[in-house]
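Structure file upload.cif with mmCIF, C-alpha atoms and all ligand atoms:
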```cif
data_entry
#
loop_
_atom_site.label_atom_id
_atom_site.label_comp_id
_atom_site.auth_asym_id
_atom_site.auth_seq_id
_atom_site.Cartn_x
_atom_site.Cartn_y
_atom_site.Cartn_z
CA MET A 16 176.88 -19.55 71.19
CA GLY A 17 175.05 -17.01 69.02
CA ALA A 18 178.04 -16.06 66.91
CA ALA A 19 178.98 -19.67 66.43
CA VAL A 20 175.46 -20.49 65.32
CA LEU A 21 175.45 -17.60 62.89
CA LEU A 22 178.75 -18.63 61.35
CA VAL A 23 177.77 -22.24 61.09
CA GLY A 24 174.34 -21.25 59.82
CA ILE A 25 175.75 -19.21 56.98
CA GLY A 26 178.27 -21.92 56.25
CA VAL A 27 175.67 -24.64 56.01
CA PHE A 28 173.48 -22.74 53.64
CA ALA A 29 176.14 -20.80 51.76
CA GLY A 30 174.45 -21.86 48.53
CA CYS A 31 171.08 -20.42 49.52
CA SER A 32 171.18 -16.63 49.32
CA ASN A 33 167.64 -16.37 50.70
CA ASP A 34 168.57 -17.80 54.06
CA VAL A 35 169.44 -15.28 56.72
CA VAL A 36 169.97 -16.66 60.19
CA ASP A 37 169.68 -14.06 62.93
CA PRO A 38 171.63 -15.27 65.98
CA ASP A 39 169.24 -13.45 68.32
CA LYS A 40 166.47 -15.63 67.00
CA VAL A 41 168.28 -18.93 67.30
CA ALA A 42 170.47 -18.76 70.40
CA THR A 43 167.84 -20.13 72.79
CA ASP A 44 166.52 -23.58 73.39
CA VAL A 45 162.99 -22.55 72.35
CA LEU A 46 161.44 -23.64 69.06
CA ASP A 47 158.25 -21.69 68.43
CA THR A 48 155.56 -23.39 66.40
CA HIS A 49 153.30 -20.97 64.53
CA PHE A 50 149.63 -21.36 63.75
CA VAL A 51 148.52 -21.78 60.15
CA PRO A 52 144.77 -21.71 59.53
CA ARG A 53 143.38 -24.61 57.56
CA ASN A 54 139.90 -25.77 56.86
CA GLU A 55 140.19 -29.11 58.67
CA ASN A 56 136.68 -29.98 57.62
CA SER A 57 137.67 -30.02 53.98
CA SER A 58 137.45 -33.58 52.72
CA THR A 59 139.48 -32.88 49.62
CA VAL A 60 142.68 -30.85 49.78
CA ALA A 61 144.31 -28.36 52.10
CA THR A 62 142.52 -25.10 51.46
CA ASN A 63 145.49 -23.02 52.55
CA PRO A 64 148.63 -23.44 50.43
CA ALA A 65 150.64 -22.37 53.50
CA VAL A 66 149.90 -25.75 55.05
CA PRO A 67 153.11 -27.71 54.42
CA LYS A 68 153.08 -30.27 51.66
CA LEU A 69 155.08 -33.28 52.84
CA ASP A 70 157.38 -33.91 49.92
CA GLY A 71 160.87 -33.08 51.19
CA GLU A 72 160.85 -29.79 49.28
CA ARG A 73 161.02 -26.61 51.31
CA LEU A 74 158.87 -23.90 49.74
CA ASP A 75 158.66 -20.33 51.02
CA ILE A 76 154.88 -20.39 50.97
CA GLU A 77 154.71 -23.34 53.36
CA TRP A 78 157.62 -22.43 55.65
CA GLY A 79 157.48 -18.63 55.59
CA SER A 80 159.75 -16.34 53.64
CA ALA A 81 163.21 -16.26 55.18
CA ASP A 82 163.44 -12.55 54.43
CA LEU A 83 160.20 -11.74 56.22
CA ASN A 84 161.18 -14.20 58.92
CA THR A 85 157.54 -15.01 59.58
CA ILE A 86 158.62 -18.48 60.64
CA PRO A 87 162.14 -18.11 62.06
CA TRP A 88 164.79 -20.78 61.78
CA LYS A 89 165.89 -22.43 64.98
CA ALA A 90 169.42 -23.78 64.92
CA ILE A 91 169.82 -26.81 67.15
CA ARG A 92 173.33 -27.86 68.08
CA LEU A 93 173.98 -31.58 68.00
CA ASP A 94 177.10 -33.10 69.47
CA ALA A 95 178.67 -36.35 70.54
CA GLU A 96 178.23 -35.64 74.25
CA ASN A 97 174.45 -35.73 73.91
CA GLY A 98 174.56 -38.55 71.40
CA SER A 99 176.24 -41.92 71.34
CA GLY A 100 179.63 -43.02 70.11
CA TYR A 101 181.73 -40.40 68.37
CA PRO A 102 180.01 -39.20 65.19
CA GLY A 103 182.44 -36.30 64.68
CA ALA A 104 182.54 -32.56 65.45
CA PRO A 105 179.21 -30.93 66.41
CA ILE A 106 176.72 -30.16 63.66
CA TYR A 107 173.64 -27.92 63.47
CA ALA A 108 170.16 -28.83 62.38
CA PHE A 109 167.94 -25.99 61.17
CA VAL A 110 164.33 -26.39 62.22
CA LYS A 111 160.98 -24.69 61.65
CA SER A 112 157.57 -25.68 62.95
CA VAL A 113 153.95 -24.79 62.28
CA TYR A 114 150.63 -26.22 63.44
CA THR A 115 147.02 -26.23 62.33
CA GLU A 116 143.87 -27.01 64.29
CA LYS A 117 144.71 -30.69 64.18
CA HIS A 118 148.29 -31.23 63.02
CA LEU A 119 151.86 -30.32 63.95
CA TYR A 120 154.57 -29.96 61.28
CA PHE A 121 158.35 -29.87 61.39
CA LEU A 122 160.92 -28.91 58.79
CA VAL A 123 164.50 -30.03 59.50
CA GLN A 124 167.55 -29.41 57.30
CA TRP A 125 171.06 -30.60 58.00
CA ASN A 126 174.32 -31.17 56.20
CA ASP A 127 175.21 -34.70 55.24
CA PHE A 128 177.84 -35.41 52.62
CA THR A 129 176.38 -38.81 51.80
CA GLN A 130 172.90 -40.01 50.92
CA SER A 131 172.76 -43.24 52.90
CA ASP A 132 169.40 -44.75 52.02
CA ARG A 133 170.24 -48.40 51.40
CA LYS A 134 170.76 -50.22 54.67
CA ASP A 135 172.07 -53.76 54.80
CA ILE A 136 172.68 -54.19 51.09
CA LEU A 137 173.06 -57.91 50.36
CA THR A 138 175.76 -58.49 47.76
CA TYR A 139 176.54 -61.73 45.98
CA VAL A 140 180.32 -62.30 46.00
CA GLY A 141 180.58 -65.85 44.63
CA PRO A 142 181.72 -66.99 41.17
CA ASP A 143 180.23 -65.56 37.96
CA PHE A 144 177.58 -68.10 36.94
CA SER A 145 178.05 -67.33 33.25
CA ARG A 146 181.54 -68.81 33.54
CA LEU A 147 180.32 -72.06 35.04
CA PRO A 148 179.03 -75.03 32.97
CA PRO A 149 175.37 -74.27 32.07
CA GLY A 150 172.42 -76.41 33.03
CA GLU A 151 173.68 -77.12 36.54
CA CYS A 152 172.66 -76.03 39.99
CA TYR A 153 175.22 -74.39 42.21
CA PRO A 154 173.75 -74.30 45.70
CA GLN A 155 177.28 -74.43 47.07
CA TYR A 156 177.58 -70.82 45.90
CA ILE A 157 174.17 -69.13 45.68
CA PHE A 158 172.84 -70.71 48.85
CA ASP A 159 175.94 -70.43 50.97
CA ALA A 160 176.01 -67.38 53.27
CA GLN A 161 179.78 -67.08 52.87
CA TYR A 162 179.21 -66.01 49.24
CA TRP A 163 177.07 -63.09 50.36
CA THR A 164 177.95 -59.93 52.25
CA ARG A 165 175.72 -57.50 54.12
CA THR A 166 176.98 -53.94 54.27
CA ASN A 167 175.93 -50.33 54.84
CA ALA A 168 173.74 -48.53 57.36
CA GLU A 169 171.44 -45.53 56.83
CA ASP A 170 170.92 -41.90 57.73
CA TRP A 171 168.29 -41.31 60.38
CA LEU A 172 166.72 -38.62 62.55
CA SER A 173 164.71 -38.95 65.72
CA LEU A 174 162.63 -36.65 67.88
CA ALA A 175 161.76 -37.59 71.46
CA PHE A 176 158.98 -35.99 73.54
CA GLU A 177 157.77 -36.79 77.04
CA VAL A 178 154.53 -38.70 77.42
CA ASP A 179 155.11 -38.97 81.18
CA PRO A 180 157.93 -37.06 82.95
CA ALA A 181 161.03 -39.16 82.32
CA GLY A 182 164.42 -39.49 83.95
CA ASP A 183 166.61 -41.55 86.19
CA SER A 184 168.90 -41.12 89.20
CA GLY A 185 171.05 -38.73 87.15
CA GLY A 186 168.24 -36.20 86.63
CA SER A 187 165.26 -35.45 84.43
CA PHE A 188 164.78 -35.60 80.66
CA SER A 189 163.33 -32.10 80.90
CA GLU A 190 166.64 -30.74 82.20
CA GLN A 191 169.24 -33.07 80.77
CA GLY A 192 167.60 -34.63 77.74
CA CYS A 193 168.95 -37.88 76.47
CA LEU A 194 171.97 -37.76 78.76
CA VAL A 195 169.75 -39.37 81.38
CA ALA A 196 166.61 -40.72 79.77
CA CYS A 197 168.01 -42.33 76.62
CA HIS A 198 171.64 -43.13 77.30
CA GLY A 199 171.71 -43.34 81.08
CA GLY A 200 170.95 -47.01 81.55
CA GLY A 201 170.28 -49.34 78.67
CA PHE A 202 169.67 -47.51 75.40
CA GLY A 203 166.19 -46.03 75.27
CA SER A 204 165.44 -47.03 78.86
CA PRO A 205 164.55 -44.12 81.12
CA GLY A 206 164.43 -45.31 84.72
CA ALA A 207 161.03 -43.69 85.10
CA GLY A 208 158.48 -42.08 82.85
CA LYS A 209 157.88 -42.48 79.14
CA LEU A 210 159.16 -40.89 75.92
CA ASP A 211 157.43 -40.76 72.54
CA VAL A 212 160.10 -41.37 69.88
CA TRP A 213 159.69 -40.58 66.18
CA HIS A 214 162.38 -42.34 64.19
CA TRP A 215 162.75 -41.39 60.53
CA LEU A 216 164.92 -43.91 58.67
CA ALA A 217 166.24 -42.98 55.22
CA ALA A 218 166.25 -46.59 53.98
CA ARG A 219 163.35 -48.19 55.84
CA THR A 220 160.58 -45.65 56.51
CA ASN A 221 161.18 -42.94 53.91
CA PRO A 222 160.32 -44.95 50.74
CA PRO A 223 156.82 -46.40 51.37
CA LEU A 224 154.93 -43.51 49.84
CA ILE A 225 151.21 -42.92 50.17
CA LEU A 226 148.98 -39.86 50.02
CA VAL A 227 149.15 -37.83 53.24
CA ASN A 228 145.49 -36.95 52.79
CA PRO A 229 143.70 -39.99 51.34
CA ASN A 230 141.10 -37.66 49.83
CA ASP A 231 143.75 -35.77 47.85
CA SER A 232 144.03 -36.03 44.10
CA PRO A 233 146.82 -38.55 43.34
CA VAL A 234 147.74 -36.42 40.33
CA SER A 235 148.43 -33.20 42.25
CA PRO A 236 148.17 -33.94 45.97
CA GLY A 237 148.00 -30.72 47.95
CA GLU A 238 149.36 -32.33 51.11
CA GLY A 239 151.99 -34.49 49.47
CA VAL A 240 152.91 -38.15 49.04
CA ALA A 241 155.01 -39.01 52.07
CA GLY A 242 156.63 -41.93 53.78
CA TYR A 243 156.73 -42.36 57.52
CA ALA A 244 158.76 -42.05 60.68
CA ASP A 245 158.65 -45.16 62.84
CA ASP A 246 156.52 -44.36 65.89
CA LEU A 247 158.08 -45.81 69.04
CA PHE A 248 158.10 -45.22 72.78
CA ALA A 249 160.72 -45.68 75.48
CA ASP A 250 160.15 -46.56 79.11
CA ALA A 251 161.87 -48.71 81.71
CA GLY A 252 161.25 -51.68 79.40
CA GLY A 253 163.40 -50.12 76.67
CA LEU A 254 162.69 -48.71 73.22
CA GLN A 255 159.57 -50.37 71.83
CA PRO A 256 157.25 -49.93 68.85
CA ASP A 257 153.80 -48.50 69.43
CA ALA A 258 151.32 -51.33 69.93
CA PRO A 259 149.02 -53.22 69.89
CA ASP A 260 147.63 -53.94 66.44
CA SER A 261 150.49 -52.02 64.87
CA PHE A 262 152.92 -53.23 62.26
CA ALA A 263 156.24 -51.94 61.00
CA ALA A 264 157.15 -50.39 57.66
CA TYR A 265 159.98 -52.88 57.25
CA ALA A 266 161.12 -56.45 57.83
CA ALA A 267 164.61 -57.88 57.35
CA ASN A 268 165.27 -59.74 54.10
CA PHE A 269 167.93 -61.88 55.79
CA GLU A 270 167.89 -64.39 58.60
CA GLY A 271 169.08 -63.11 61.97
CA GLY A 272 172.56 -61.70 61.62
CA GLY A 273 173.01 -63.49 58.31
CA THR A 274 173.97 -62.33 54.86
CA ARG A 275 171.92 -64.48 52.45
CA PRO A 276 168.70 -62.93 51.12
CA ARG A 277 165.39 -64.59 51.89
CA LEU A 278 163.61 -63.14 48.86
CA ILE A 279 164.62 -61.71 45.50
CA TYR A 280 162.64 -60.12 42.71
CA ARG A 281 161.60 -62.37 39.87
CA ARG A 282 160.19 -61.37 36.53
CA ILE A 283 157.19 -63.58 36.81
CA GLU A 284 153.59 -62.68 36.18
CA GLY A 285 154.86 -59.31 35.08
CA LEU A 286 157.18 -57.24 37.16
CA CYS A 287 155.90 -56.71 40.68
CA ASP A 288 156.31 -52.97 40.94
CA PRO A 289 156.21 -51.13 44.22
CA ASP A 290 153.04 -49.08 44.34
CA ASN A 291 154.48 -45.69 45.08
CA GLY A 292 151.39 -43.59 44.72
CA GLY A 293 151.91 -43.32 41.00
CA LEU A 294 155.49 -42.10 41.35
CA THR A 295 158.46 -43.70 39.63
CA PRO A 296 159.05 -47.14 41.16
CA LYS A 297 162.24 -47.50 43.09
CA TYR A 298 163.85 -50.88 43.21
CA ALA A 299 166.29 -50.37 46.06
CA PHE A 300 163.85 -52.21 48.31
CA MET A 301 161.61 -55.25 48.22
CA TRP A 302 157.92 -54.37 48.37
CA LYS A 303 155.64 -56.50 50.52
CA PRO A 304 153.10 -57.25 47.76
CA CYS A 305 155.98 -58.85 45.84
CA THR A 306 156.88 -61.36 48.51
CA ALA A 307 154.99 -64.50 47.48
CA THR A 308 156.86 -67.76 48.11
CA SER A 309 157.83 -67.82 44.44
CA PHE A 310 160.16 -64.95 45.26
CA ALA A 311 162.19 -67.02 47.71
CA LEU A 312 165.87 -67.55 46.93
CA VAL A 313 166.26 -71.27 46.20
CA PRO A 314 169.35 -73.51 45.93
CA CYS A 315 169.00 -73.82 42.16
CA ASP A 316 168.82 -70.11 41.47
CA THR A 317 170.90 -69.31 38.46
CA LEU A 318 169.32 -66.07 37.27
CA ASN A 319 169.35 -62.71 38.97
CA ASP A 320 166.07 -61.04 38.10
CA ALA A 321 166.55 -58.37 40.70
CA PRO A 322 165.89 -55.08 38.98
CA VAL A 323 168.31 -53.32 41.28
CA ASP A 324 171.08 -51.79 39.18
CA GLN A 325 170.05 -53.65 36.02
CA THR A 326 167.23 -53.92 33.53
CA VAL A 327 167.76 -57.37 32.02
CA ALA A 328 167.68 -60.68 33.87
CA ARG A 329 170.99 -62.53 33.68
CA LYS A 330 173.07 -65.03 35.55
CA TRP A 331 174.40 -64.11 38.93
CA ARG A 332 177.70 -62.35 38.94
CA PRO A 333 179.76 -61.01 41.83
CA GLY A 334 178.60 -57.57 42.89
CA ASP A 335 174.88 -58.18 42.25
CA THR A 336 172.85 -56.66 45.07
CA VAL A 337 169.54 -57.48 46.72
CA ALA A 338 167.54 -55.21 49.04
CA GLY A 339 168.15 -55.78 52.75
CA TYR A 340 164.55 -54.99 53.72
CA ILE A 341 161.05 -55.82 52.66
CA LEU A 342 158.98 -52.65 52.92
CA GLN A 343 155.30 -52.09 53.34
CA ARG A 344 153.08 -49.34 54.63
CA PRO A 345 152.96 -49.46 58.43
CA GLY A 346 149.72 -49.61 60.36
CA GLY A 347 148.08 -48.80 63.67
CA SER A 348 149.61 -46.46 66.21
CA ARG A 349 153.02 -47.09 64.65
CA ALA A 350 151.92 -45.23 61.52
CA ASP A 351 150.97 -41.88 63.09
CA VAL A 352 153.99 -39.87 61.93
CA ARG A 353 154.24 -39.01 58.25
CA ALA A 354 157.61 -37.91 56.91
CA LYS A 355 159.39 -37.30 53.64
CA GLY A 356 163.08 -36.51 53.29
CA LEU A 357 164.96 -35.56 50.13
CA TRP A 358 168.72 -35.33 49.84
CA ASP A 359 170.14 -32.53 47.69
CA SER A 360 173.24 -33.73 45.88
CA ASP A 361 174.41 -30.17 45.08
CA ASP A 362 174.22 -28.70 48.58
CA ARG A 363 174.56 -32.10 50.30
CA VAL A 364 171.68 -31.34 52.63
CA TRP A 365 168.80 -33.47 53.84
CA THR A 366 165.44 -31.69 53.87
CA LEU A 367 162.91 -33.53 56.01
CA GLU A 368 159.26 -32.58 56.46
CA MET A 369 157.27 -34.36 59.18
CA SER A 370 153.75 -34.20 60.50
CA ARG A 371 151.64 -35.80 63.19
CA ALA A 372 148.14 -35.21 64.49
CA LEU A 373 148.17 -33.10 67.68
CA VAL A 374 146.13 -35.84 69.34
CA THR A 375 146.35 -39.49 68.31
CA SER A 376 144.16 -42.43 69.20
CA ASP A 377 146.97 -43.79 71.42
CA PRO A 378 147.58 -41.22 74.18
CA GLU A 379 149.25 -43.92 76.30
CA ARG A 380 152.23 -44.06 73.93
CA ASP A 381 151.96 -40.79 72.00
CA VAL A 382 152.53 -37.32 73.40
CA THR A 383 149.33 -35.28 73.26
CA PHE A 384 149.81 -31.69 72.14
CA ASP A 385 147.22 -29.69 74.04
CA VAL A 386 147.24 -26.39 72.18
CA GLY A 387 144.38 -25.02 74.28
CA ARG A 388 146.46 -25.18 77.44
CA ALA A 389 149.43 -23.52 75.72
CA ARG A 390 151.83 -25.93 77.35
CA ASN A 391 155.49 -26.12 76.46
CA TYR A 392 156.90 -29.47 75.41
CA ARG A 393 160.47 -30.54 76.03
CA PHE A 394 162.10 -32.59 73.29
CA THR A 395 165.44 -33.77 71.97
CA LEU A 396 166.69 -34.23 68.43
CA ALA A 397 169.18 -36.85 67.27
CA ILE A 398 170.77 -37.40 63.85
CA ALA A 399 172.93 -40.22 62.50
CA ASP A 400 175.09 -40.32 59.38
CA ASN A 401 175.06 -43.83 57.93
CA SER A 402 175.12 -45.54 61.29
CA THR A 403 172.82 -47.69 63.40
CA GLY A 404 174.03 -46.60 66.83
CA VAL A 405 176.55 -43.78 66.53
CA HIS A 406 174.73 -40.44 66.42
CA PHE A 407 174.69 -36.76 67.32
CA GLY A 408 172.26 -35.58 70.00
CA SER A 409 170.88 -32.23 71.19
CA GLU A 410 170.36 -30.91 74.67
CA ALA A 411 166.74 -30.72 75.80
CA GLN A 412 164.77 -28.15 73.76
CA THR A 413 161.37 -26.52 74.24
CA LEU A 414 158.57 -26.61 71.68
CA ARG A 415 156.34 -23.59 72.35
CA PHE A 416 152.96 -23.17 70.69
CA VAL A 417 152.50 -19.53 69.68
CA PRO A 418 148.76 -18.85 70.09
CA ALA A 419 146.72 -18.19 66.98
CA ARG A 420 145.96 -14.50 66.58
CA CA A 501 157.13 -29.26 51.16
CA CA A 502 174.71 -39.88 55.16
CA CA A 503 151.55 -43.75 67.78
#
```
Let me see whether you can do it: turn the structure in this file into structure tokens.
Amino acid sequence: MGAAVLLVGIGVFAGCSNDVVDPDKVATDVLDTHFVPRNENSSTVATNPAVPKLDGERLDIEWGSADLNTIPWKAIRLDAENGSGYPGAPIYAFVKSVYTEKHLYFLVQWNDFTQSDRKDILTYVGPDFSRLPPGECYPQYIFDAQYWTRTNAEDWLSLAFEVDPAGDSGGSFSEQGCLVACHGGGFGSPGAGKLDVWHWLAARTNPPLILVNPNDSPVSPGEGVAGYADDLFADAGGLQPDAPDSFAAYAANFEGGGTRPRLIYRRIEGLCDPDNGGLTPKYAFMWKPCTATSFALVPCDTLNDAPVDQTVARKWRPGDTVAGYILQRPGGSRADVRAKGLWDSDDRVWTLEMSRALVTSDPERDVTFDVGRARNYRFTLAIADNSTGVHFGSEAQTLRFVPAR
């Protein structure tokens, strides 16, 4: 496998001359996580610039120089056999990990030829309203689901760790990964035990940006302005969101399996901009603070104010799109995992940086990383390319905490 990994590794990052993948360092199932000192008592910013900044940009200072190999790459093979459906020929994800006194960080890079970050785009496909007699209502078009379509999925990545030893009659998660504990029975339903699942979604959890460290300067945040990964768990009851008192980063902007939007942007009381931590607003999604009832799609709608793909309000025309999801910042135990992915259009690579506290306030549903006991943690990695269910999966891997020197 080593030679194959090397070849694929060089192929994936052919555009990055700094990346040297040594097959001896990557041909095992062990991902070492390396200690980075940080003054955790600092109430302002990370005092060590080597602590990763969650912004989807991979810097040498935060992830170790590839030449010095202080933080080696781990290539993880992902294939259809350990995934679901047939996503295509196997791919490799390149992973690094570090930890501080209180947090664990992952860097994952993988090839993806398409940036799929708009799931369930709602598109109006009825007549052009500017060609209809003015001054009339046309609920038979704007309010009829047959004049709307809902298309597209999203890229996603998930990590699964054991909270309680998981498996079923086919074996254990520790030995066979998702072959038994995720895909054995119903999806995400290990017969016994419990998995902690971190589910980064390019369309639904990546955009709601907020300071990673609330005490950071919003102008130059040392720890970044990140989105989230949905924090879920899987047991015999299936895949479920962390609870109670938690809420999701997203809600559907359509009814059930329907196609007609519930809400659209309107240019009333000023434009309701997403609050993206001072970054450039992105209109590919609806933002929860903008969802007053006055934003509901009504039968007499004649104007499309949606700022998606346009700057001036005008009458609806076929091809106009509305966001499929209403986004907000998640809360409670569901909001423990911070994540920011950026897609590079030149290299066609996703770069995802993730972080979670070693210990959360919800040890029932979240794996607890006990650095003091130097335990190893088995995990699996899954990646999807613009799909809800079809994905690549890895065999079970080991996360090993390298003791601080
Ligand atoms: Ca970074
Ligand atoms: Ca994609
Ligand atoms: Ca949690």
Skipping near chain neighbours, those fewer than 5 positions away, what residues fall within 12 Å of Gln130 (chain A) using all atoms listed in the file, listed as a PyMOL selection string? chain A and resi 125+167-171+216-218+356-366+399-402
Can I get the selected residues back with C-alpha atoms, as a compact mmCIF listing (two decimals), in the frame of the given file?
```txt
# COMPACT_ATOMS: atom_id res chain seq x y z
CA TRP A 125 171.06 -30.60 58.00
CA ASN A 167 175.93 -50.33 54.84
CA ALA A 168 173.74 -48.53 57.36
CA GLU A 169 171.44 -45.53 56.83
CA ASP A 170 170.92 -41.90 57.73
CA TRP A 171 168.29 -41.31 60.38
CA LEU A 216 164.92 -43.91 58.67
CA ALA A 217 166.24 -42.98 55.22
CA ALA A 218 166.25 -46.59 53.98
CA GLY A 356 163.08 -36.51 53.29
CA LEU A 357 164.96 -35.56 50.13
CA TRP A 358 168.72 -35.33 49.84
CA ASP A 359 170.14 -32.53 47.69
CA SER A 360 173.24 -33.73 45.88
CA ASP A 361 174.41 -30.17 45.08
CA ASP A 362 174.22 -28.70 48.58
CA ARG A 363 174.56 -32.10 50.30
CA VAL A 364 171.68 -31.34 52.63
CA TRP A 365 168.80 -33.47 53.84
CA THR A 366 165.44 -31.69 53.87
CA ALA A 399 172.93 -40.22 62.50
CA ASP A 400 175.09 -40.32 59.38
CA ASN A 401 175.06 -43.83 57.93
CA SER A 402 175.12 -45.54 61.29
```
List the spatial neighbours of region 414-420 of chain A as JSON, numbers by chain - criterion: any atom at most 7 Å away, only C-alpha atoms, same-chain residues fewer than 3 positions off excluded. {"A": [45, 46, 47, 48, 49, 50, 386, 389, 391, 392, 393]}
Restrict the selected residues to C-alpha atoms and save them as a CSV table (one decimal), in the coordinates of the input.
```csv
chain,number,residue,atom,x,y,z
A,45,VAL,CA,163.0,-22.6,72.4
A,46,LEU,CA,161.4,-23.6,69.1
A,47,ASP,CA,158.2,-21.7,68.4
A,48,THR,CA,155.6,-23.4,66.4
A,49,HIS,CA,153.3,-21.0,64.5
A,50,PHE,CA,149.6,-21.4,63.8
A,386,VAL,CA,147.2,-26.4,72.2
A,389,ALA,CA,149.4,-23.5,75.7
A,391,ASN,CA,155.5,-26.1,76.5
A,392,TYR,CA,156.9,-29.5,75.4
A,393,ARG,CA,160.5,-30.5,76.0
```
At a cut-off of 8 Å around the point (150.6, -54.5, 61.0) (file coordinates), what residues fall inside when counting all atoms listed in the file? I'd like the answer as an MDAnalysis selection string. chainID A and resid 260:263 345:347
Residue selection dump (C-alpha atoms) as a tab-separated table (two decimals), in the coordinates of the input:
```tsv
chain	number	residue	atom	x	y	z
A	260	ASP	CA	147.63	-53.94	66.44
A	261	SER	CA	150.49	-52.02	64.87
A	262	PHE	CA	152.92	-53.23	62.26
A	263	ALA	CA	156.24	-51.94	61.00
A	345	PRO	CA	152.96	-49.46	58.43
A	346	GLY	CA	149.72	-49.61	60.36
A	347	GLY	CA	148.08	-48.80	63.67
```
Nearest to Gly141 (chain A) by atom-to-atom distance, counting all atoms listed in the file, from A:Trp331, A:Phe128, A:Trp215, A:Tyr114: A:Trp331
Return as a ChimeraX atom specification every polymer residue, whether protein, DNA or RNA, with at least one atom no more than 7 Å from an atom of ligand CA 501 (chain A); count all atoms listed in the file. /A:67-74,77,368
How far is it from CA of Gln191 (chain A) to CA of Met369 (chain A), in Å with one decimal?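 Computed distance, CA of Gln191 (chain A) to CA of Met369 (chain A), equals 24.7 Å.
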With the cut-off set at 9 Å and counting all atoms listed in the file, tabulate each residue of chain A with an atom at most that distance from an atom of ligand CA 503 (chain A), showing the nearest atom pair and its distance in Å to one decimal, ordered by chain and increasing number, as JSON lines.
```
{"residue": "A:Asp211", "atom": "CA", "partner": "A:CA503", "partner_atom": "CA", "distance": 8.1}
{"residue": "A:Trp213", "atom": "CA", "partner": "A:CA503", "partner_atom": "CA", "distance": 8.9}
{"residue": "A:Asp245", "atom": "CA", "partner": "A:CA503", "partner_atom": "CA", "distance": 8.8}
{"residue": "A:Asp246", "atom": "CA", "partner": "A:CA503", "partner_atom": "CA", "distance": 5.4}
{"residue": "A:Leu247", "atom": "CA", "partner": "A:CA503", "partner_atom": "CA", "distance": 7.0}
{"residue": "A:Phe248", "atom": "CA", "partner": "A:CA503", "partner_atom": "CA", "distance": 8.4}
{"residue": "A:Pro256", "atom": "CA", "partner": "A:CA503", "partner_atom": "CA", "distance": 8.5}
{"residue": "A:Asp257", "atom": "CA", "partner": "A:CA503", "partner_atom": "CA", "distance": 5.5}
{"residue": "A:Ala258", "atom": "CA", "partner": "A:CA503", "partner_atom": "CA", "distance": 7.9}
{"residue": "A:Ser261", "atom": "CA", "partner": "A:CA503", "partner_atom": "CA", "distance": 8.8}
{"residue": "A:Gly347", "atom": "CA", "partner": "A:CA503", "partner_atom": "CA", "distance": 7.4}
{"residue": "A:Ser348", "atom": "CA", "partner": "A:CA503", "partner_atom": "CA", "distance": 3.7}
{"residue": "A:Arg349", "atom": "CA", "partner": "A:CA503", "partner_atom": "CA", "distance": 4.8}
{"residue": "A:Ala350", "atom": "CA", "partner": "A:CA503", "partner_atom": "CA", "distance": 6.4}
{"residue": "A:Asp351", "atom": "CA", "partner": "A:CA503", "partner_atom": "CA", "distance": 5.1}
{"residue": "A:Val352", "atom": "CA", "partner": "A:CA503", "partner_atom": "CA", "distance": 7.4}
{"residue": "A:Thr375", "atom": "CA", "partner": "A:CA503", "partner_atom": "CA", "distance": 6.7}
{"residue": "A:Ser376", "atom": "CA", "partner": "A:CA503", "partner_atom": "CA", "distance": 7.6}
{"residue": "A:Asp377", "atom": "CA", "partner": "A:CA503", "partner_atom": "CA", "distance": 5.9}
{"residue": "A:Pro378", "atom": "CA", "partner": "A:CA503", "partner_atom": "CA", "distance": 7.9}
{"residue": "A:Glu379", "atom": "CA", "partner": "A:CA503", "partner_atom": "CA", "distance": 8.8}
{"residue": "A:Arg380", "atom": "CA", "partner": "A:CA503", "partner_atom": "CA", "distance": 6.2}
{"residue": "A:Asp381", "atom": "CA", "partner": "A:CA503", "partner_atom": "CA", "distance": 5.2}
{"residue": "A:Val382", "atom": "CA", "partner": "A:CA503", "partner_atom": "CA", "distance": 8.6}
```
CA of Pro222 (chain A) to CA of Asp132 (chain A), straight-line distance in Å: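 About the pair CA of Asp132 (chain A) and CA of Pro222 (chain A): they are 9.2 Å apart.
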For ligand CA 502 (chain A), the nearest of the candidates A:Ile398, A:Phe310, A:Gly387, A:Leu194, counting only C-alpha atoms and all ligand atoms: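 Closest candidate: A:Ile398.
Among the candidates A:Gly103, A:Gly98, A:Asn126, A:His118, the one nearest to ligand CA 502 (chain A) when counting only C-alpha atoms and all ligand atoms is A:Asn126.
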Point-to-point distance in Å for CA of Tyr162 (chain A) and CA of Asn268 (chain A):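 That distance, rounded to one decimal, is 16.0 Å.
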With all atoms listed in the file as the atoms that count, which of A:Ser99, A:Thr129, A:Asn63, A:Gln155 lies nearest to ligand CA 502 (chain A)? A:Thr129
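Using all atoms listed in the file, the nearest neighbour of Leu342 (chain A) within the list A:Ala264, A:Leu172, A:Ile91, A:Ala244 is A:Ala264.
Each of A:Asp127, A:Asp44, A:Asp135, A:Glu96 was compared to ligand CA 502 (chain A) using all atoms listed in the file, and A:Asp127 turns out to be the nearest.
Around Gly100 (chain A), within 8 Å and counting all atoms listed in the file, the residues found are Ala95, Gly404, Val405 and His406 of chain A, once anything fewer than 5 positions away on its own chain is removed.
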Could you name the residues that touch Ile76 (chain A) at 9 Å or less, counting all atoms listed in the file, but leaving out those on the same chain fewer than 4 positions away, as an mmCIF file with C-alpha atoms, in the frame of the given file?
```cif
data_model
loop_
_atom_site.group_PDB
_atom_site.id
_atom_site.type_symbol
_atom_site.label_atom_id
_atom_site.label_comp_id
_atom_site.auth_asym_id
_atom_site.auth_seq_id
_atom_site.Cartn_x
_atom_site.Cartn_y
_atom_site.Cartn_z
ATOM 1 C CA PRO A 64 148.630 -23.440 50.430
ATOM 2 C CA ALA A 65 150.640 -22.370 53.500
ATOM 3 C CA VAL A 66 149.900 -25.750 55.050
ATOM 4 C CA PRO A 67 153.110 -27.710 54.420
ATOM 5 C CA SER A 80 159.750 -16.340 53.640
#
```
